[in-house]
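**Student:** This structure is in structure tokens; I'll ask about it shortly.
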Amino acid sequence: MSQSVRIALAGPGAFGIKHLDALKNIDGVEVTSIIGRELPKAQEVAQKYGAKHATTNLDEALARPDVDAVILCTPTQLHAQQSIAALQAGKHVQVEIPLCDKLEEGRAVVEAQKKSGLVAMCGHTRRFNPSHQFVRKRIEAGEFHIQQMDVQTYFFRRTNRNALGQPRSWTDHLLWHHAAHTVDLFQYQTGSRVVKANAVQGPIHPQLGIAMDMSIQLKAENGAICTLSLSFNNEGPLGTFFRYIGDTATYIARYDDLFNGKEEKIDVSKVDVSMNGIELQDREFIAAIREKREPNASVAKVLPCYEVLAQLEQQLQ
């Protein structure tokens with residue numbers, strides 16, 4: 001359980017830094033390599049987090065004997081091919097959400113994982129947030145059954161910038177990235193596959209080439225429903241807010257925090273060893289490597305989410 005795990009992190013942007021901060025809290029983890037688009041920035045991050053190697057070339061890092069696993073926080077379009085490259089190089093991989101933006105590529109990652117026998121996990125953080133874990137424990141105990149989930153995913157992002165306000169080298173996507181969190185969580189929490197899915201989208205942005213507003217309806221096999229509204233146009237509270245409407249309670253989850261339907265805060269500090277969903281996600285990745293087991297949010301477990309997204313994309317086209 002104390003086996004040292006040496007990590008390479010690709011993509012030291014806004015989310016990569018969240019992973020590096022989380023990894024500092026996990027015993028027996030060493031960050032040995034940082035891979036970035038710009039070498040000076042990669043070197044600066046490597047120095048700050050004690051990594052002895054920095055490069056702009058992922059293959060160079062994957063060839064290093066002091067790398068056991070890689071965390072990919074790179075542009076969406078690279079996720080699948082880079083995950084496969086890591087597995088073929090004999091490295092465990094955690095790829096940030098989304099696993100892919102083409103279903104066949106996601107399936108190829110799952111196949112590569114099966115062939116390798118290594119740990120391959122996707123960053124579906126909602127499975128790990130203490131707020132959602134609290135709800136799941138009540139579901140597993142038979143004390144709460146979801147009737148409906150009402151979810152809002154709202155950002156103000158009319159230009160191509162990341163969470164830190166820095167220019168992006170790629171374009172984010174409401175369906176393949178942001179809806180993936182909710183579609184996966186809905187199936188995970190209900191324990192039931194989506195059998196009906198509808199989507200409509202607003203106008204396509206003339207420069208970014210993506211829809212800036214979207215609405216999705218889901219129905220699970222067990223009868224539960226989900227309504228998801230997404231926008232890059234929202235000038236207000238930012239982020240994703242989940243309302244669980246059930247047979248015995250209503251819960252409102254805002255990232256790691258949880259409230260009841262009357263907006264009274266629920267103490268979730270004892271749900272897990274941390275109040276940081278990213279840290280808990282990284283702890284699961286490291287534990288799965290050490291225990292030689294399939295992790296929660298393995299690429300195989302989250303693939304059904306991407307099957308729904310592909311179906312919705314076909315509708316929108």
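Identifiers in this document derive from the order of the structure tokens: chains are assigned A, B, ..., residues are numbered from 1 separately in each chain, and ligands are numbered from 1 in order of occurrence.
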Excluding same-chain residues fewer than 6 positions from A:Gly16, what lies within 9 Å of it counting only C-alpha atoms, as a list in words?
**Tutor:**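 Counting only C-alpha atoms, the residues come to Leu9, Ala10, Ile71, Leu72, Cys73 and Thr74 of chain A.
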**Student:** So that I can check the surroundings of stretch 298-302 of chain A, please list as a PDB file with N, CA, C and O atoms, in the first residue's frame every protein, DNA and RNA residue that reaches within 12 Å of it, counting only C-alpha atoms and ignoring chain neighbours fewer than 3 positions away.
**Tutor:**
ATOM      1  N   HIS A  79      -6.918  13.395 -26.024  1.00  0.00           N
ATOM      2  CA  HIS A  79      -7.082  12.495 -24.874  1.00  0.00           C
ATOM      3  C   HIS A  79      -6.972  11.014 -25.235  1.00  0.00           C
ATOM      4  O   HIS A  79      -6.253  10.260 -24.590  1.00  0.00           O
ATOM      5  N   ALA A  80      -7.718  10.589 -26.244  1.00  0.00           N
ATOM      6  CA  ALA A  80      -7.755   9.157 -26.562  1.00  0.00           C
ATOM      7  C   ALA A  80      -6.402   8.671 -27.070  1.00  0.00           C
ATOM      8  O   ALA A  80      -5.867   7.665 -26.580  1.00  0.00           O
ATOM      9  N   SER A  83      -3.826   8.586 -24.305  1.00  0.00           N
ATOM     10  CA  SER A  83      -4.105   7.507 -23.342  1.00  0.00           C
ATOM     11  C   SER A  83      -3.594   6.180 -23.884  1.00  0.00           C
ATOM     12  O   SER A  83      -2.961   5.394 -23.162  1.00  0.00           O
ATOM     13  N   ILE A  84      -3.869   5.932 -25.161  1.00  0.00           N
ATOM     14  CA  ILE A  84      -3.411   4.690 -25.791  1.00  0.00           C
ATOM     15  C   ILE A  84      -1.878   4.645 -25.826  1.00  0.00           C
ATOM     16  O   ILE A  84      -1.271   3.610 -25.538  1.00  0.00           O
ATOM     17  N   HIS A  92       0.466   3.378 -16.415  1.00  0.00           N
ATOM     18  CA  HIS A  92      -0.918   3.604 -15.990  1.00  0.00           C
ATOM     19  C   HIS A  92      -1.308   5.018 -16.424  1.00  0.00           C
ATOM     20  O   HIS A  92      -0.456   5.908 -16.508  1.00  0.00           O
ATOM     21  N   VAL A  93      -2.610   5.244 -16.645  1.00  0.00           N
ATOM     22  CA  VAL A  93      -3.019   6.564 -17.125  1.00  0.00           C
ATOM     23  C   VAL A  93      -4.318   7.019 -16.464  1.00  0.00           C
ATOM     24  O   VAL A  93      -5.250   6.239 -16.285  1.00  0.00           O
ATOM     25  N   GLN A  94      -4.327   8.278 -16.083  1.00  0.00           N
ATOM     26  CA  GLN A  94      -5.572   8.967 -15.723  1.00  0.00           C
ATOM     27  C   GLN A  94      -5.718  10.132 -16.688  1.00  0.00           C
ATOM     28  O   GLN A  94      -4.868  11.019 -16.730  1.00  0.00           O
ATOM     29  N   VAL A  95      -6.785  10.093 -17.485  1.00  0.00           N
ATOM     30  CA  VAL A  95      -7.017  11.147 -18.470  1.00  0.00           C
ATOM     31  C   VAL A  95      -8.153  12.027 -17.978  1.00  0.00           C
ATOM     32  O   VAL A  95      -9.159  11.537 -17.480  1.00  0.00           O
ATOM     33  N   GLU A  96      -7.957  13.320 -18.088  1.00  0.00           N
ATOM     34  CA  GLU A  96      -9.011  14.232 -17.657  1.00  0.00           C
ATOM     35  C   GLU A  96     -10.237  14.070 -18.557  1.00  0.00           C
ATOM     36  O   GLU A  96     -10.159  13.616 -19.689  1.00  0.00           O
ATOM     37  N   ILE A  97     -11.366  14.455 -18.015  1.00  0.00           N
ATOM     38  CA  ILE A  97     -12.625  14.404 -18.747  1.00  0.00           C
ATOM     39  C   ILE A  97     -12.564  15.391 -19.922  1.00  0.00           C
ATOM     40  O   ILE A  97     -11.998  16.475 -19.755  1.00  0.00           O
ATOM     41  N   PRO A  98     -13.013  15.072 -21.115  1.00  0.00           N
ATOM     42  CA  PRO A  98     -13.672  13.831 -21.491  1.00  0.00           C
ATOM     43  C   PRO A  98     -12.673  12.779 -21.978  1.00  0.00           C
ATOM     44  O   PRO A  98     -11.576  13.095 -22.420  1.00  0.00           O
ATOM     45  N   LEU A  99     -13.086  11.530 -21.906  1.00  0.00           N
ATOM     46  CA  LEU A  99     -12.268  10.438 -22.418  1.00  0.00           C
ATOM     47  C   LEU A  99     -11.997  10.622 -23.908  1.00  0.00           C
ATOM     48  O   LEU A  99     -10.915  10.293 -24.400  1.00  0.00           O
ATOM     49  N   CYS A 100     -12.978  11.151 -24.626  1.00  0.00           N
ATOM     50  CA  CYS A 100     -12.873  11.285 -26.081  1.00  0.00           C
ATOM     51  C   CYS A 100     -13.919  12.285 -26.549  1.00  0.00           C
ATOM     52  O   CYS A 100     -14.798  12.674 -25.786  1.00  0.00           O
ATOM     53  N   LEU A 103     -16.803   8.561 -30.248  1.00  0.00           N
ATOM     54  CA  LEU A 103     -17.064   7.322 -29.514  1.00  0.00           C
ATOM     55  C   LEU A 103     -16.084   6.210 -29.875  1.00  0.00           C
ATOM     56  O   LEU A 103     -15.613   5.481 -28.999  1.00  0.00           O
ATOM     57  N   GLU A 105     -13.056   6.373 -30.645  1.00  0.00           N
ATOM     58  CA  GLU A 105     -11.770   6.583 -29.976  1.00  0.00           C
ATOM     59  C   GLU A 105     -11.846   6.162 -28.513  1.00  0.00           C
ATOM     60  O   GLU A 105     -10.896   5.595 -27.968  1.00  0.00           O
ATOM     61  N   GLY A 106     -12.971   6.430 -27.863  1.00  0.00           N
ATOM     62  CA  GLY A 106     -13.160   5.987 -26.483  1.00  0.00           C
ATOM     63  C   GLY A 106     -13.141   4.469 -26.384  1.00  0.00           C
ATOM     64  O   GLY A 106     -12.528   3.896 -25.473  1.00  0.00           O
ATOM     65  N   ARG A 107     -13.793   3.820 -27.338  1.00  0.00           N
ATOM     66  CA  ARG A 107     -13.790   2.351 -27.357  1.00  0.00           C
ATOM     67  C   ARG A 107     -12.377   1.806 -27.568  1.00  0.00           C
ATOM     68  O   ARG A 107     -12.007   0.776 -26.992  1.00  0.00           O
ATOM     69  N   ALA A 108     -11.582   2.513 -28.366  1.00  0.00           N
ATOM     70  CA  ALA A 108     -10.201   2.078 -28.619  1.00  0.00           C
ATOM     71  C   ALA A 108      -9.364   2.170 -27.336  1.00  0.00           C
ATOM     72  O   ALA A 108      -8.497   1.321 -27.096  1.00  0.00           O
ATOM     73  N   VAL A 109      -9.631   3.176 -26.505  1.00  0.00           N
ATOM     74  CA  VAL A 109      -8.906   3.290 -25.226  1.00  0.00           C
ATOM     75  C   VAL A 109      -9.267   2.111 -24.323  1.00  0.00           C
ATOM     76  O   VAL A 109      -8.395   1.511 -23.680  1.00  0.00           O
ATOM     77  N   VAL A 110     -10.543   1.768 -24.272  1.00  0.00           N
ATOM     78  CA  VAL A 110     -10.986   0.637 -23.443  1.00  0.00           C
ATOM     79  C   VAL A 110     -10.307  -0.653 -23.910  1.00  0.00           C
ATOM     80  O   VAL A 110      -9.842  -1.461 -23.087  1.00  0.00           O
ATOM     81  N   GLU A 111     -10.216  -0.841 -25.210  1.00  0.00           N
ATOM     82  CA  GLU A 111      -9.546  -2.038 -25.743  1.00  0.00           C
ATOM     83  C   GLU A 111      -8.064  -2.039 -25.377  1.00  0.00           C
ATOM     84  O   GLU A 111      -7.505  -3.085 -25.026  1.00  0.00           O
ATOM     85  N   ALA A 112      -7.421  -0.876 -25.479  1.00  0.00           N
ATOM     86  CA  ALA A 112      -5.993  -0.775 -25.143  1.00  0.00           C
ATOM     87  C   ALA A 112      -5.765  -1.092 -23.663  1.00  0.00           C
ATOM     88  O   ALA A 112      -4.771  -1.732 -23.302  1.00  0.00           O
ATOM     89  N   GLN A 113      -6.700  -0.662 -22.808  1.00  0.00           N
ATOM     90  CA  GLN A 113      -6.579  -0.967 -21.377  1.00  0.00           C
ATOM     91  C   GLN A 113      -6.685  -2.468 -21.138  1.00  0.00           C
ATOM     92  O   GLN A 113      -5.900  -3.041 -20.379  1.00  0.00           O
ATOM     93  N   LYS A 114      -7.652  -3.106 -21.802  1.00  0.00           N
ATOM     94  CA  LYS A 114      -7.832  -4.561 -21.623  1.00  0.00           C
ATOM     95  C   LYS A 114      -6.571  -5.317 -22.029  1.00  0.00           C
ATOM     96  O   LYS A 114      -6.145  -6.257 -21.346  1.00  0.00           O
ATOM     97  N   LEU A 118      -3.289  -2.597 -17.422  1.00  0.00           N
ATOM     98  CA  LEU A 118      -2.893  -1.475 -16.568  1.00  0.00           C
ATOM     99  C   LEU A 118      -4.127  -0.686 -16.111  1.00  0.00           C
ATOM    100  O   LEU A 118      -5.233  -0.891 -16.608  1.00  0.00           O
ATOM    101  N   VAL A 119      -3.915   0.219 -15.164  1.00  0.00           N
ATOM    102  CA  VAL A 119      -4.999   1.078 -14.689  1.00  0.00           C
ATOM    103  C   VAL A 119      -5.210   2.206 -15.695  1.00  0.00           C
ATOM    104  O   VAL A 119      -4.267   2.912 -16.057  1.00  0.00           O
ATOM    105  N   ALA A 120      -6.438   2.350 -16.152  1.00  0.00           N
ATOM    106  CA  ALA A 120      -6.802   3.472 -17.027  1.00  0.00           C
ATOM    107  C   ALA A 120      -8.102   4.059 -16.501  1.00  0.00           C
ATOM    108  O   ALA A 120      -9.113   3.373 -16.416  1.00  0.00           O
ATOM    109  N   MET A 121      -8.045   5.325 -16.155  1.00  0.00           N
ATOM    110  CA  MET A 121      -9.140   5.977 -15.428  1.00  0.00           C
ATOM    111  C   MET A 121      -9.418   7.330 -16.073  1.00  0.00           C
ATOM    112  O   MET A 121      -8.519   7.956 -16.637  1.00  0.00           O
ATOM    113  N   CYS A 122     -10.658   7.784 -16.001  1.00  0.00           N
ATOM    114  CA  CYS A 122     -11.031   9.091 -16.544  1.00  0.00           C
ATOM    115  C   CYS A 122     -11.499  10.008 -15.420  1.00  0.00           C
ATOM    116  O   CYS A 122     -12.119   9.550 -14.456  1.00  0.00           O
ATOM    117  N   GLY A 123     -11.214  11.286 -15.561  1.00  0.00           N
ATOM    118  CA  GLY A 123     -11.445  12.251 -14.483  1.00  0.00           C
ATOM    119  C   GLY A 123     -12.886  12.671 -14.298  1.00  0.00           C
ATOM    120  O   GLY A 123     -13.209  13.870 -14.387  1.00  0.00           O
ATOM    121  N   HIS A 124     -13.754  11.711 -14.007  1.00  0.00           N
ATOM    122  CA  HIS A 124     -15.165  12.033 -13.719  1.00  0.00           C
ATOM    123  C   HIS A 124     -15.275  12.387 -12.234  1.00  0.00           C
ATOM    124  O   HIS A 124     -15.699  11.582 -11.403  1.00  0.00           O
ATOM    125  N   THR A 125     -14.899  13.626 -11.931  1.00  0.00           N
ATOM    126  CA  THR A 125     -14.729  14.073 -10.538  1.00  0.00           C
ATOM    127  C   THR A 125     -16.000  13.972  -9.710  1.00  0.00           C
ATOM    128  O   THR A 125     -15.931  13.778  -8.488  1.00  0.00           O
ATOM    129  N   ARG A 126     -17.185  14.090 -10.361  1.00  0.00           N
ATOM    130  CA  ARG A 126     -18.424  14.072  -9.583  1.00  0.00           C
ATOM    131  C   ARG A 126     -18.598  12.754  -8.821  1.00  0.00           C
ATOM    132  O   ARG A 126     -19.257  12.721  -7.787  1.00  0.00           O
ATOM    133  N   ARG A 127     -18.020  11.665  -9.296  1.00  0.00           N
ATOM    134  CA  ARG A 127     -18.090  10.401  -8.552  1.00  0.00           C
ATOM    135  C   ARG A 127     -17.358  10.495  -7.213  1.00  0.00           C
ATOM    136  O   ARG A 127     -17.601   9.664  -6.329  1.00  0.00           O
ATOM    137  N   ALA A 180     -20.713  15.536 -20.141  1.00  0.00           N
ATOM    138  CA  ALA A 180     -20.206  14.214 -19.748  1.00  0.00           C
ATOM    139  C   ALA A 180     -20.266  14.024 -18.236  1.00  0.00           C
ATOM    140  O   ALA A 180     -20.566  12.930 -17.751  1.00  0.00           O
ATOM    141  N   HIS A 181     -19.969  15.071 -17.477  1.00  0.00           N
ATOM    142  CA  HIS A 181     -20.022  14.975 -16.015  1.00  0.00           C
ATOM    143  C   HIS A 181     -21.408  14.514 -15.549  1.00  0.00           C
ATOM    144  O   HIS A 181     -21.530  13.614 -14.722  1.00  0.00           O
ATOM    145  N   THR A 182     -22.439  15.146 -16.089  1.00  0.00           N
ATOM    146  CA  THR A 182     -23.804  14.882 -15.620  1.00  0.00           C
ATOM    147  C   THR A 182     -24.354  13.566 -16.153  1.00  0.00           C
ATOM    148  O   THR A 182     -25.005  12.813 -15.421  1.00  0.00           O
ATOM    149  N   VAL A 183     -24.095  13.274 -17.433  1.00  0.00           N
ATOM    150  CA  VAL A 183     -24.601  12.019 -18.011  1.00  0.00           C
ATOM    151  C   VAL A 183     -24.010  10.830 -17.249  1.00  0.00           C
ATOM    152  O   VAL A 183     -24.721   9.882 -16.895  1.00  0.00           O
ATOM    153  N   ASP A 184     -22.712  10.894 -16.956  1.00  0.00           N
ATOM    154  CA  ASP A 184     -22.085   9.803 -16.204  1.00  0.00           C
ATOM    155  C   ASP A 184     -22.637   9.730 -14.781  1.00  0.00           C
ATOM    156  O   ASP A 184     -22.975   8.656 -14.291  1.00  0.00           O
ATOM    157  N   LEU A 185     -22.752  10.879 -14.121  1.00  0.00           N
ATOM    158  CA  LEU A 185     -23.222  10.892 -12.727  1.00  0.00           C
ATOM    159  C   LEU A 185     -24.652  10.374 -12.631  1.00  0.00           C
ATOM    160  O   LEU A 185     -24.989   9.627 -11.702  1.00  0.00           O
ATOM    161  N   PHE A 186     -25.504  10.742 -13.587  1.00  0.00           N
ATOM    162  CA  PHE A 186     -26.901  10.299 -13.579  1.00  0.00           C
ATOM    163  C   PHE A 186     -26.978   8.769 -13.652  1.00  0.00           C
ATOM    164  O   PHE A 186     -27.695   8.124 -12.876  1.00  0.00           O
ATOM    165  N   GLN A 187     -26.218   8.161 -14.555  1.00  0.00           N
ATOM    166  CA  GLN A 187     -26.230   6.697 -14.669  1.00  0.00           C
ATOM    167  C   GLN A 187     -25.588   6.040 -13.448  1.00  0.00           C
ATOM    168  O   GLN A 187     -26.045   4.993 -12.976  1.00  0.00           O
ATOM    169  N   TYR A 188     -24.536   6.666 -12.927  1.00  0.00           N
ATOM    170  CA  TYR A 188     -23.820   6.130 -11.758  1.00  0.00           C
ATOM    171  C   TYR A 188     -24.715   6.147 -10.517  1.00  0.00           C
ATOM    172  O   TYR A 188     -24.838   5.157  -9.794  1.00  0.00           O
ATOM    173  N   GLY A 191     -27.810   3.934 -10.942  1.00  0.00           N
ATOM    174  CA  GLY A 191     -27.482   2.533 -11.191  1.00  0.00           C
ATOM    175  C   GLY A 191     -28.252   1.982 -12.369  1.00  0.00           C
ATOM    176  O   GLY A 191     -28.553   0.790 -12.450  1.00  0.00           O
ATOM    177  N   ARG A 193     -29.050   2.476 -16.799  1.00  0.00           N
ATOM    178  CA  ARG A 193     -28.604   3.042 -18.075  1.00  0.00           C
ATOM    179  C   ARG A 193     -29.650   3.999 -18.644  1.00  0.00           C
ATOM    180  O   ARG A 193     -30.860   3.805 -18.480  1.00  0.00           O
ATOM    181  N   GLN A 281     -10.148  11.862  -6.240  1.00  0.00           N
ATOM    182  CA  GLN A 281     -10.020  11.207  -7.552  1.00  0.00           C
ATOM    183  C   GLN A 281      -8.584  10.692  -7.726  1.00  0.00           C
ATOM    184  O   GLN A 281      -8.370   9.550  -8.148  1.00  0.00           O
ATOM    185  N   GLU A 284      -7.839   7.668  -5.567  1.00  0.00           N
ATOM    186  CA  GLU A 284      -8.380   6.435  -6.138  1.00  0.00           C
ATOM    187  C   GLU A 284      -7.455   5.895  -7.230  1.00  0.00           C
ATOM    188  O   GLU A 284      -7.226   4.683  -7.317  1.00  0.00           O
ATOM    189  N   PHE A 285      -6.914   6.775  -8.054  1.00  0.00           N
ATOM    190  CA  PHE A 285      -5.984   6.374  -9.115  1.00  0.00           C
ATOM    191  C   PHE A 285      -4.749   5.691  -8.517  1.00  0.00           C
ATOM    192  O   PHE A 285      -4.369   4.589  -8.925  1.00  0.00           O
ATOM    193  N   ALA A 288      -5.658   2.301  -6.869  1.00  0.00           N
ATOM    194  CA  ALA A 288      -5.918   1.248  -7.862  1.00  0.00           C
ATOM    195  C   ALA A 288      -4.607   0.697  -8.423  1.00  0.00           C
ATOM    196  O   ALA A 288      -4.482  -0.512  -8.652  1.00  0.00           O
ATOM    197  N   ILE A 289      -3.623   1.560  -8.620  1.00  0.00           N
ATOM    198  CA  ILE A 289      -2.304   1.117  -9.098  1.00  0.00           C
ATOM    199  C   ILE A 289      -1.671   0.199  -8.059  1.00  0.00           C
ATOM    200  O   ILE A 289      -1.195  -0.900  -8.373  1.00  0.00           O
ATOM    201  N   ARG A 293      -6.108  -3.135  -9.158  1.00  0.00           N
ATOM    202  CA  ARG A 293      -7.545  -3.340  -9.348  1.00  0.00           C
ATOM    203  C   ARG A 293      -8.111  -2.274 -10.289  1.00  0.00           C
ATOM    204  O   ARG A 293      -7.455  -1.272 -10.577  1.00  0.00           O
ATOM    205  N   GLU A 294      -9.325  -2.516 -10.730  1.00  0.00           N
ATOM    206  CA  GLU A 294     -10.015  -1.525 -11.565  1.00  0.00           C
ATOM    207  C   GLU A 294     -10.493  -0.370 -10.691  1.00  0.00           C
ATOM    208  O   GLU A 294     -11.113  -0.583  -9.644  1.00  0.00           O
ATOM    209  N   PRO A 295     -10.218   0.866 -11.094  1.00  0.00           N
ATOM    210  CA  PRO A 295     -10.660   2.004 -10.271  1.00  0.00           C
ATOM    211  C   PRO A 295     -12.111   2.380 -10.529  1.00  0.00           C
ATOM    212  O   PRO A 295     -12.688   2.034 -11.569  1.00  0.00           O
ATOM    213  N   CYS A 305     -21.411   6.516 -20.720  1.00  0.00           N
ATOM    214  CA  CYS A 305     -21.690   7.950 -20.798  1.00  0.00           C
ATOM    215  C   CYS A 305     -21.427   8.465 -22.207  1.00  0.00           C
ATOM    216  O   CYS A 305     -22.231   9.210 -22.787  1.00  0.00           O
ATOM    217  N   TYR A 306     -20.304   8.050 -22.791  1.00  0.00           N
ATOM    218  CA  TYR A 306     -19.925   8.545 -24.118  1.00  0.00           C
ATOM    219  C   TYR A 306     -20.798   7.950 -25.219  1.00  0.00           C
ATOM    220  O   TYR A 306     -20.980   8.572 -26.272  1.00  0.00           O
ATOM    221  N   GLU A 307     -21.380   6.784 -24.954  1.00  0.00           N
ATOM    222  CA  GLU A 307     -22.346   6.214 -25.897  1.00  0.00           C
ATOM    223  C   GLU A 307     -23.589   7.108 -25.974  1.00  0.00           C
ATOM    224  O   GLU A 307     -24.145   7.336 -27.054  1.00  0.00           O
ATOM    225  N   VAL A 308     -24.017   7.639 -24.818  1.00  0.00           N
ATOM    226  CA  VAL A 308     -25.161   8.564 -24.794  1.00  0.00           C
ATOM    227  C   VAL A 308     -24.800   9.872 -25.503  1.00  0.00           C
ATOM    228  O   VAL A 308     -25.591  10.408 -26.295  1.00  0.00           O
ATOM    229  N   LEU A 309     -23.596  10.380 -25.257  1.00  0.00           N
ATOM    230  CA  LEU A 309     -23.175  11.645 -25.885  1.00  0.00           C
ATOM    231  C   LEU A 309     -23.132  11.509 -27.414  1.00  0.00           C
ATOM    232  O   LEU A 309     -23.511  12.431 -28.137  1.00  0.00           O
TER     233      LEU A 309
END
**Student:** Can you list, as a PyMOL selection string, every residue of stretch 100-316 of chain A that DSSP puts in alpha helix (DSSP H)?
**Tutor:** chain A and resi 103-116+130-140+179-190+277-291+299-316
**Student:** Enter the distance from atom CA of A:Glu140 to atom CA of A:Ser192, in Å, rounded to one decimal.
**Tutor:** 13.3 Å
**Student:** Between A:Gln47, A:Asn233, A:Thr55, A:Gln317, which one has atoms that come closest to A:Thr159, using only C-alpha atoms?
**Tutor:**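 Counting only C-alpha atoms, the residue closest to A:Thr159 is A:Asn233.
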**Student:** Per DSSP on the backbone, filter stretch 42-187 of chain A down to the residues in strand (DSSP E or B) and report them as an mmCIF file with C-alpha atoms, in the first residue's frame.
**Tutor:**
data_model
loop_
_atom_site.group_PDB
_atom_site.id
_atom_site.type_symbol
_atom_site.label_atom_id
_atom_site.label_comp_id
_atom_site.auth_asym_id
_atom_site.auth_seq_id
_atom_site.Cartn_x
_atom_site.Cartn_y
_atom_site.Cartn_z
ATOM 1 C CA HIS A 53 12.336 16.550 -15.846
ATOM 2 C CA ALA A 54 10.410 18.912 -18.126
ATOM 3 C CA THR A 55 9.701 18.545 -21.830
ATOM 4 C CA ALA A 69 1.906 6.602 -14.498
ATOM 5 C CA VAL A 70 0.760 9.655 -16.396
ATOM 6 C CA ILE A 71 -2.022 12.178 -15.758
ATOM 7 C CA LEU A 72 -3.264 13.828 -18.960
ATOM 8 C CA HIS A 92 -0.918 3.604 -15.990
ATOM 9 C CA VAL A 93 -3.019 6.564 -17.125
ATOM 10 C CA GLN A 94 -5.572 8.967 -15.723
ATOM 11 C CA VAL A 95 -7.017 11.147 -18.470
ATOM 12 C CA GLU A 96 -9.011 14.232 -17.657
ATOM 13 C CA ALA A 120 -6.802 3.472 -17.027
ATOM 14 C CA MET A 121 -9.140 5.977 -15.428
ATOM 15 C CA CYS A 122 -11.031 9.091 -16.544
ATOM 16 C CA GLY A 123 -11.445 12.251 -14.483
ATOM 17 C CA ILE A 146 -33.683 9.562 -7.216
ATOM 18 C CA GLN A 147 -36.855 10.666 -8.983
ATOM 19 C CA GLN A 148 -35.264 13.554 -10.867
ATOM 20 C CA MET A 149 -31.956 15.354 -11.233
ATOM 21 C CA ASP A 150 -32.035 18.994 -12.307
ATOM 22 C CA VAL A 151 -28.596 20.269 -13.305
ATOM 23 C CA GLN A 152 -27.231 23.639 -14.426
ATOM 24 C CA THR A 153 -23.740 23.914 -15.954
ATOM 25 C CA TYR A 154 -23.061 27.606 -16.437
ATOM 26 C CA PHE A 156 -19.207 32.927 -18.974
ATOM 27 C CA ARG A 161 -9.967 31.215 -22.443
ATOM 28 C CA PRO A 167 -5.894 31.971 -23.883
#
**Student:** Measuring atom to atom with only C-alpha atoms, identify which of A:Ile35, A:Val29, A:Met214, A:Leu230 is nearest to A:Arg6.
**Tutor:**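 Of all the options, A:Val29 lies closest to A:Arg6.
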